[in-house]
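**Q** If it helps, the file is called upload.txt and holds compact mmCIF, C-alpha atoms:
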# COMPACT_ATOMS: atom_id res chain seq x y z
CA MET A 1 122.05 152.67 -54.51
CA ALA A 2 120.13 149.40 -54.19
CA VAL A 3 118.70 147.59 -57.17
CA LYS A 4 114.99 148.25 -57.50
CA THR A 5 112.63 145.29 -57.61
CA ASP A 6 108.92 145.00 -58.24
CA GLY A 7 108.27 143.79 -54.69
CA LYS A 8 106.25 140.75 -55.75
CA SER A 9 108.81 138.57 -57.54
CA GLY A 10 112.04 140.37 -56.64
CA ARG A 11 112.68 140.98 -60.35
CA LYS A 12 114.97 143.89 -61.14
CA THR A 13 113.20 146.92 -62.53
CA ALA A 14 116.28 149.05 -63.16
CA GLY A 15 120.03 149.06 -62.93
CA ALA A 16 122.03 145.85 -62.99
CA THR A 17 122.07 143.43 -65.90
CA ASP A 18 121.71 139.69 -65.44
CA ARG A 19 125.41 139.21 -66.16
CA ALA A 20 126.37 141.84 -63.59
CA VAL A 21 124.25 140.09 -60.96
CA VAL A 22 125.78 136.71 -61.78
CA ARG A 23 129.28 138.18 -61.69
CA ALA A 24 128.59 139.76 -58.28
CA LEU A 25 127.16 136.48 -57.01
CA LEU A 26 130.18 134.46 -58.14
CA ASP A 27 132.55 137.04 -56.65
CA ARG A 28 130.68 136.83 -53.35
CA GLN A 29 130.24 133.04 -53.37
CA GLU A 30 133.69 131.78 -54.28
CA ARG A 31 133.32 128.17 -53.11
CA THR A 32 130.64 125.52 -53.39
CA TYR A 33 129.43 123.48 -50.45
CA ALA A 34 131.53 120.60 -51.81
CA ALA A 35 134.67 122.74 -51.80
CA GLU A 36 133.90 123.88 -48.24
CA ALA A 37 133.74 120.20 -47.26
CA GLY A 38 137.24 119.71 -48.66
CA ILE A 39 136.09 117.82 -51.76
CA ARG A 40 138.26 118.37 -54.84
CA LEU A 41 135.67 117.25 -57.33
CA ARG A 42 136.88 115.23 -60.29
CA ASN A 43 135.34 112.44 -62.33
CA THR A 44 136.99 109.78 -60.19
CA PRO A 45 135.39 107.42 -57.64
CA ALA A 46 136.47 108.95 -54.31
CA PRO A 47 135.44 112.60 -54.85
CA LEU A 48 132.21 111.55 -56.56
CA TYR A 49 131.37 109.41 -53.53
CA GLN A 50 132.29 112.20 -51.12
CA THR A 51 129.92 114.48 -53.04
CA LEU A 52 127.19 111.87 -52.62
CA VAL A 53 127.82 111.72 -48.87
CA LEU A 54 127.57 115.50 -48.66
CA ALA A 55 124.33 115.45 -50.67
CA THR A 56 122.92 112.93 -48.20
CA LEU A 57 123.79 115.17 -45.28
CA LEU A 58 122.57 118.38 -46.91
CA SER A 59 119.19 116.89 -47.79
CA ALA A 60 118.17 116.63 -44.12
CA ARG A 61 116.43 119.52 -42.35
CA ILE A 62 119.63 120.85 -40.86
CA ARG A 63 121.87 123.88 -41.37
CA ALA A 64 124.11 123.64 -44.42
CA ASP A 65 127.23 124.57 -42.44
CA THR A 66 126.50 121.71 -40.02
CA ALA A 67 126.16 119.26 -42.92
CA VAL A 68 129.47 120.49 -44.37
CA ALA A 69 131.20 120.14 -40.99
CA ALA A 70 129.82 116.61 -40.57
CA ALA A 71 131.04 115.61 -44.03
CA ARG A 72 134.53 116.87 -43.19
CA ALA A 73 134.45 114.93 -39.92
CA LEU A 74 133.53 111.71 -41.73
CA PHE A 75 136.31 112.21 -44.27
CA ASP A 76 138.83 113.11 -41.55
CA ALA A 77 137.89 109.85 -39.80
CA GLY A 78 138.90 107.94 -42.94
CA MET A 79 135.45 107.37 -44.46
CA ARG A 80 136.30 108.79 -47.85
CA ASP A 81 135.11 106.00 -50.16
CA PRO A 82 132.32 103.39 -50.15
CA ARG A 83 134.52 100.57 -48.86
CA SER A 84 135.86 102.51 -45.88
CA MET A 85 132.34 103.75 -45.09
CA ALA A 86 130.93 100.22 -45.22
CA GLN A 87 133.77 98.81 -43.13
CA ALA A 88 133.44 101.46 -40.42
CA THR A 89 131.27 100.48 -37.49
CA TRP A 90 127.92 102.13 -36.97
CA GLN A 91 129.31 103.76 -33.81
CA GLN A 92 132.31 105.17 -35.69
CA ARG A 93 129.94 106.80 -38.15
CA VAL A 94 127.76 108.15 -35.33
CA ASP A 95 130.82 109.54 -33.52
CA ALA A 96 132.11 111.29 -36.65
CA LEU A 97 128.71 112.81 -37.37
CA GLY A 98 128.45 113.98 -33.78
CA LYS A 99 131.89 115.55 -33.96
CA GLY A 100 130.65 117.58 -36.92
CA GLY A 101 127.62 118.71 -34.93
CA TYR A 102 125.20 116.52 -36.89
CA ARG A 103 123.47 115.19 -33.77
CA ARG A 104 119.78 115.40 -34.55
CA TYR A 105 119.96 112.81 -37.31
CA ASP A 106 123.23 111.07 -36.44
CA GLU A 107 121.98 107.58 -35.66
CA ARG A 108 119.61 107.29 -38.62
CA THR A 109 122.13 108.85 -40.99
CA ALA A 110 124.90 106.53 -39.78
CA THR A 111 122.70 103.59 -40.74
CA LEU A 112 121.78 105.07 -44.14
CA LEU A 113 125.40 105.82 -45.01
CA GLY A 114 126.42 102.26 -44.21
CA LYS A 115 123.59 100.71 -46.24
CA GLY A 116 124.18 103.11 -49.12
CA ALA A 117 127.87 102.27 -49.28
CA GLU A 118 127.09 98.55 -49.30
CA LEU A 119 124.58 98.94 -52.14
CA LEU A 120 127.00 101.09 -54.12
CA LEU A 121 129.70 98.43 -53.77
CA GLU A 122 127.32 95.63 -54.70
CA ARG A 123 125.66 97.23 -57.72
CA TRP A 124 128.33 99.52 -59.18
CA GLY A 125 131.56 98.25 -57.64
CA GLY A 126 131.81 101.39 -55.53
CA ASP A 127 132.23 103.55 -58.64
CA LEU A 128 129.56 106.17 -59.31
CA ARG A 129 130.82 106.52 -62.87
CA ARG A 130 129.02 103.22 -63.50
CA LEU A 131 125.81 104.75 -62.17
CA ARG A 132 126.33 107.51 -64.71
CA GLU A 133 126.00 104.86 -67.43
CA GLU A 134 122.53 103.83 -66.26
CA PRO A 135 119.62 104.65 -68.63
CA ASP A 136 118.30 107.09 -66.02
CA PRO A 137 121.08 108.04 -63.56
CA LYS A 138 118.84 110.30 -61.49
CA LYS A 139 116.34 107.50 -61.00
CA ALA A 140 119.19 105.14 -60.10
CA LEU A 141 120.39 107.59 -57.46
CA LEU A 142 117.03 107.29 -55.73
CA ASP A 143 117.74 103.60 -55.06
CA LEU A 144 120.48 104.60 -52.64
CA PRO A 145 119.39 104.78 -48.97
CA GLY A 146 119.27 108.37 -47.78
CA ILE A 147 119.03 109.85 -51.28
CA GLY A 148 115.61 111.23 -52.12
CA PRO A 149 114.69 113.78 -54.79
CA THR A 150 116.37 116.60 -52.86
CA GLY A 151 119.59 114.64 -52.36
CA ALA A 152 119.66 113.65 -56.03
CA ASP A 153 119.22 117.30 -57.02
CA ILE A 154 122.08 118.39 -54.74
CA PHE A 155 124.39 115.69 -56.11
CA LEU A 156 123.65 116.45 -59.76
CA ARG A 157 123.88 120.18 -59.11
CA ASP A 158 127.47 119.67 -57.95
CA VAL A 159 128.67 117.05 -60.46
CA GLN A 160 127.38 118.83 -63.56
CA GLY A 161 130.85 120.32 -63.88
CA VAL A 162 132.32 116.84 -64.49
CA TRP A 163 129.17 115.24 -65.92
CA PRO A 164 128.32 117.94 -68.49
CA GLU A 165 125.39 116.02 -69.94
CA PHE A 166 123.40 117.20 -66.90
CA ALA A 167 124.24 120.87 -67.34
CA PRO A 168 122.66 123.28 -66.85
CA TYR A 169 121.30 121.63 -63.70
CA ILE A 170 119.36 124.19 -61.71
CA ASP A 171 117.05 122.65 -59.13
CA ARG A 172 114.03 124.24 -57.44
CA LYS A 173 116.00 125.74 -54.56
CA ALA A 174 118.48 127.33 -56.98
CA LEU A 175 115.57 128.68 -59.04
CA ASP A 176 114.21 130.27 -55.85
CA GLY A 177 117.52 132.10 -55.55
CA ALA A 178 117.39 133.17 -59.18
CA ARG A 179 113.95 134.69 -58.64
CA ARG A 180 115.13 136.50 -55.52
CA LEU A 181 117.97 138.02 -57.55
CA GLY A 182 115.70 138.93 -60.44
CA LEU A 183 117.42 136.48 -62.78
CA PRO A 184 115.67 134.33 -65.39
CA ALA A 185 113.85 131.35 -63.85
CA SER A 186 115.09 129.13 -66.65
CA PRO A 187 118.01 126.67 -66.40
CA GLU A 188 118.85 127.21 -70.06
CA LYS A 189 118.96 131.00 -69.75
CA LEU A 190 120.94 130.84 -66.52
CA GLY A 191 123.37 128.41 -68.15
CA GLY A 192 123.98 130.94 -70.89
CA LEU A 193 125.29 133.46 -68.36
CA VAL A 194 128.39 131.46 -67.33
CA THR A 195 130.90 129.01 -68.72
CA GLY A 196 130.29 125.30 -68.13
CA ARG A 197 132.93 125.04 -65.42
CA ASP A 198 131.19 127.76 -63.41
CA MET A 199 127.77 126.09 -63.46
CA PRO A 200 128.19 124.25 -60.13
CA ARG A 201 129.32 127.47 -58.45
CA LEU A 202 126.44 129.43 -59.95
CA ALA A 203 123.90 126.81 -58.85
CA ASP A 204 125.35 126.74 -55.33
CA GLY A 205 125.43 130.53 -55.19
CA LEU A 206 121.78 130.69 -56.17
CA VAL A 207 120.94 128.29 -53.34
CA HIS A 208 122.83 130.53 -50.91
CA ALA A 209 120.82 133.50 -52.21
CA ALA A 210 117.59 131.57 -51.67
CA LEU A 211 118.54 130.80 -48.07
CA ASP A 212 120.15 134.13 -47.17
CA ARG A 213 118.23 137.31 -48.04
CA PRO A 214 121.00 139.66 -46.78
CA LEU A 215 123.44 137.91 -49.12
CA ALA A 216 121.04 138.39 -52.02
CA ASP A 217 120.64 142.07 -51.13
CA GLU A 218 124.43 142.50 -51.03
CA VAL A 219 124.77 140.87 -54.45
CA LEU A 220 122.11 143.12 -55.96
CA ALA A 221 123.66 146.24 -54.43
CA THR A 222 127.10 145.29 -55.77
CA ALA A 223 125.70 144.61 -59.24
CA GLU A 224 123.87 147.92 -59.26
CA ALA A 225 127.08 149.77 -58.34
CA THR A 226 129.13 148.29 -61.20
Written as structure tokens, how would this file's structure read?
**A**
Amino acid sequence: MAVKTDGKSGRKTAGATDRAVVRALLDRQERTYAAEAGIRLRNTPAPLYQTLVLATLLSARIRADTAVAAARALFDAGMRDPRSMAQATWQQRVDALGKGGYRRYDERTATLLGKGAELLLERWGGDLRRLREEPDPKKALLDLPGIGPTGADIFLRDVQGVWPEFAPYIDRKALDGARRLGLPASPEKLGGLVTGRDMPRLADGLVHAALDRPLADEVLATAEAT
């Protein structure tokens, strides 16, 4: 039996509790985009930088699976930290992006990744943990070429697990997913439904639900059945 909604907002009208919906979502969405890109996120320079690269790629108008594949191709080509990204030639970056299927924006993005790596090295010694110490880290992120408000949201959504001062970080796209699933449209209330270490996975899962209505329907049906 499917979960009933009110039709206008998608809010549940009967059946599953918020916790049951979140549990079904986490069971269905086991890995974040970062994990799919092969990033083992820790509060150390290389994985933080790789997460920034992925955020840059995901913020373009392109399929998420293409952005993930392009990030993996860059990392497989050795561009796993700011110095190796800056030292790679523009053509090497273009070729890696193309191998990942990221062809529509490959030339522009290759330029942005190179300039961003250079700025990161110059201002923070290639270590994003120093950016974290800025008075306004989110504002500082916007200084990086290729990182706009959407890219900053994606990055902070992922790193909240290792930078807990940003948790619960639920951006607009994740809130769209919460509404579709009938969950509270409040970061604080959503944060109360999981442990801190599960916040990145919850936020990513909500984004998947926002982008994929059949996935959201499956989650609601599973929650209703429990």
**Q** Show me as a PyMOL selection string the residues that reach within 8 Å of (119.9, 139.0, -52.8), counting all atoms listed in the file and using the file's own coordinates.
**A** chain A and resi 177+180-181+209-210+212-220
**Q** Could you jot down the atom CA of A:Phe166 to atom CA of A:Pro137 separation for me, Å, one decimal place?
**A** 10.0 Å
**Q** Which residue out of A:Phe75, A:Thr51, A:Gly205, A:Ala86 has the minimum interatomic distance to A:Gly151 when all atoms listed in the file are used?
**A**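 When distances to A:Gly151 are compared using all atoms listed in the file, the smallest one comes from A:Thr51.
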**Q** Please provide the set of residues having any atom within 12 Å of A:Leu190, restricted to all atoms listed in the file, with same-chain residues fewer than 3 positions apart removed, written as a ChimeraX atom specification.
**A** /A:18-19,21-22,167-171,174-175,177-179,181-187,193-196,198-200,202-203,206
**Q** Next, write the just-selected residues to a file, as a PDB file, in the coordinates of the input, keeping C-alpha atoms as the atom set.
**A**
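Result file follows (selection-v1.pdb):
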ATOM      1  CA  ASP A  18     121.710 139.690 -65.440  1.00  0.00           C
ATOM      2  CA  ARG A  19     125.410 139.210 -66.160  1.00  0.00           C
ATOM      3  CA  VAL A  21     124.250 140.090 -60.960  1.00  0.00           C
ATOM      4  CA  VAL A  22     125.780 136.710 -61.780  1.00  0.00           C
ATOM      5  CA  ALA A 167     124.240 120.870 -67.340  1.00  0.00           C
ATOM      6  CA  PRO A 168     122.660 123.280 -66.850  1.00  0.00           C
ATOM      7  CA  TYR A 169     121.300 121.630 -63.700  1.00  0.00           C
ATOM      8  CA  ILE A 170     119.360 124.190 -61.710  1.00  0.00           C
ATOM      9  CA  ASP A 171     117.050 122.650 -59.130  1.00  0.00           C
ATOM     10  CA  ALA A 174     118.480 127.330 -56.980  1.00  0.00           C
ATOM     11  CA  LEU A 175     115.570 128.680 -59.040  1.00  0.00           C
ATOM     12  CA  GLY A 177     117.520 132.100 -55.550  1.00  0.00           C
ATOM     13  CA  ALA A 178     117.390 133.170 -59.180  1.00  0.00           C
ATOM     14  CA  ARG A 179     113.950 134.690 -58.640  1.00  0.00           C
ATOM     15  CA  LEU A 181     117.970 138.020 -57.550  1.00  0.00           C
ATOM     16  CA  GLY A 182     115.700 138.930 -60.440  1.00  0.00           C
ATOM     17  CA  LEU A 183     117.420 136.480 -62.780  1.00  0.00           C
ATOM     18  CA  PRO A 184     115.670 134.330 -65.390  1.00  0.00           C
ATOM     19  CA  ALA A 185     113.850 131.350 -63.850  1.00  0.00           C
ATOM     20  CA  SER A 186     115.090 129.130 -66.650  1.00  0.00           C
ATOM     21  CA  PRO A 187     118.010 126.670 -66.400  1.00  0.00           C
ATOM     22  CA  LEU A 193     125.290 133.460 -68.360  1.00  0.00           C
ATOM     23  CA  VAL A 194     128.390 131.460 -67.330  1.00  0.00           C
ATOM     24  CA  THR A 195     130.900 129.010 -68.720  1.00  0.00           C
ATOM     25  CA  GLY A 196     130.290 125.300 -68.130  1.00  0.00           C
ATOM     26  CA  ASP A 198     131.190 127.760 -63.410  1.00  0.00           C
ATOM     27  CA  MET A 199     127.770 126.090 -63.460  1.00  0.00           C
ATOM     28  CA  PRO A 200     128.190 124.250 -60.130  1.00  0.00           C
ATOM     29  CA  LEU A 202     126.440 129.430 -59.950  1.00  0.00           C
ATOM     30  CA  ALA A 203     123.900 126.810 -58.850  1.00  0.00           C
ATOM     31  CA  LEU A 206     121.780 130.690 -56.170  1.00  0.00           C
TER      32      LEU A 206
END
**Q** In Å, with one decimal, what is the gap from atom CA of A:Asp176 to atom CA of A:His208?
**A**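 Spanning atom CA of A:Asp176 to atom CA of A:His208 is a straight-line distance of 9.9 Å.
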**Q** Fewer than 5 positions away in the same chain doesn't count, so skip those; otherwise give me all residues within 8 Å of A:Trp90, counting only C-alpha atoms, as a PDB file with C-alpha atoms, keeping the file's coordinate frame.
**A**
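Printed below is selection_9.pdb as written:
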ATOM      1  CA  ALA A 110     124.900 106.530 -39.780  1.00  0.00           C
ATOM      2  CA  THR A 111     122.700 103.590 -40.740  1.00  0.00           C
ATOM      3  CA  GLY A 114     126.420 102.260 -44.210  1.00  0.00           C
TER       4      GLY A 114
END
**Q** Write out as an NGL selection string which residues come within 7 Å of stretch 76-84 of chain A when counting only C-alpha atoms, dropping same-chain ones fewer than 6 positions away.
**A** :A and (46 or 49-50 or 96 or 117 or 121 or 126)
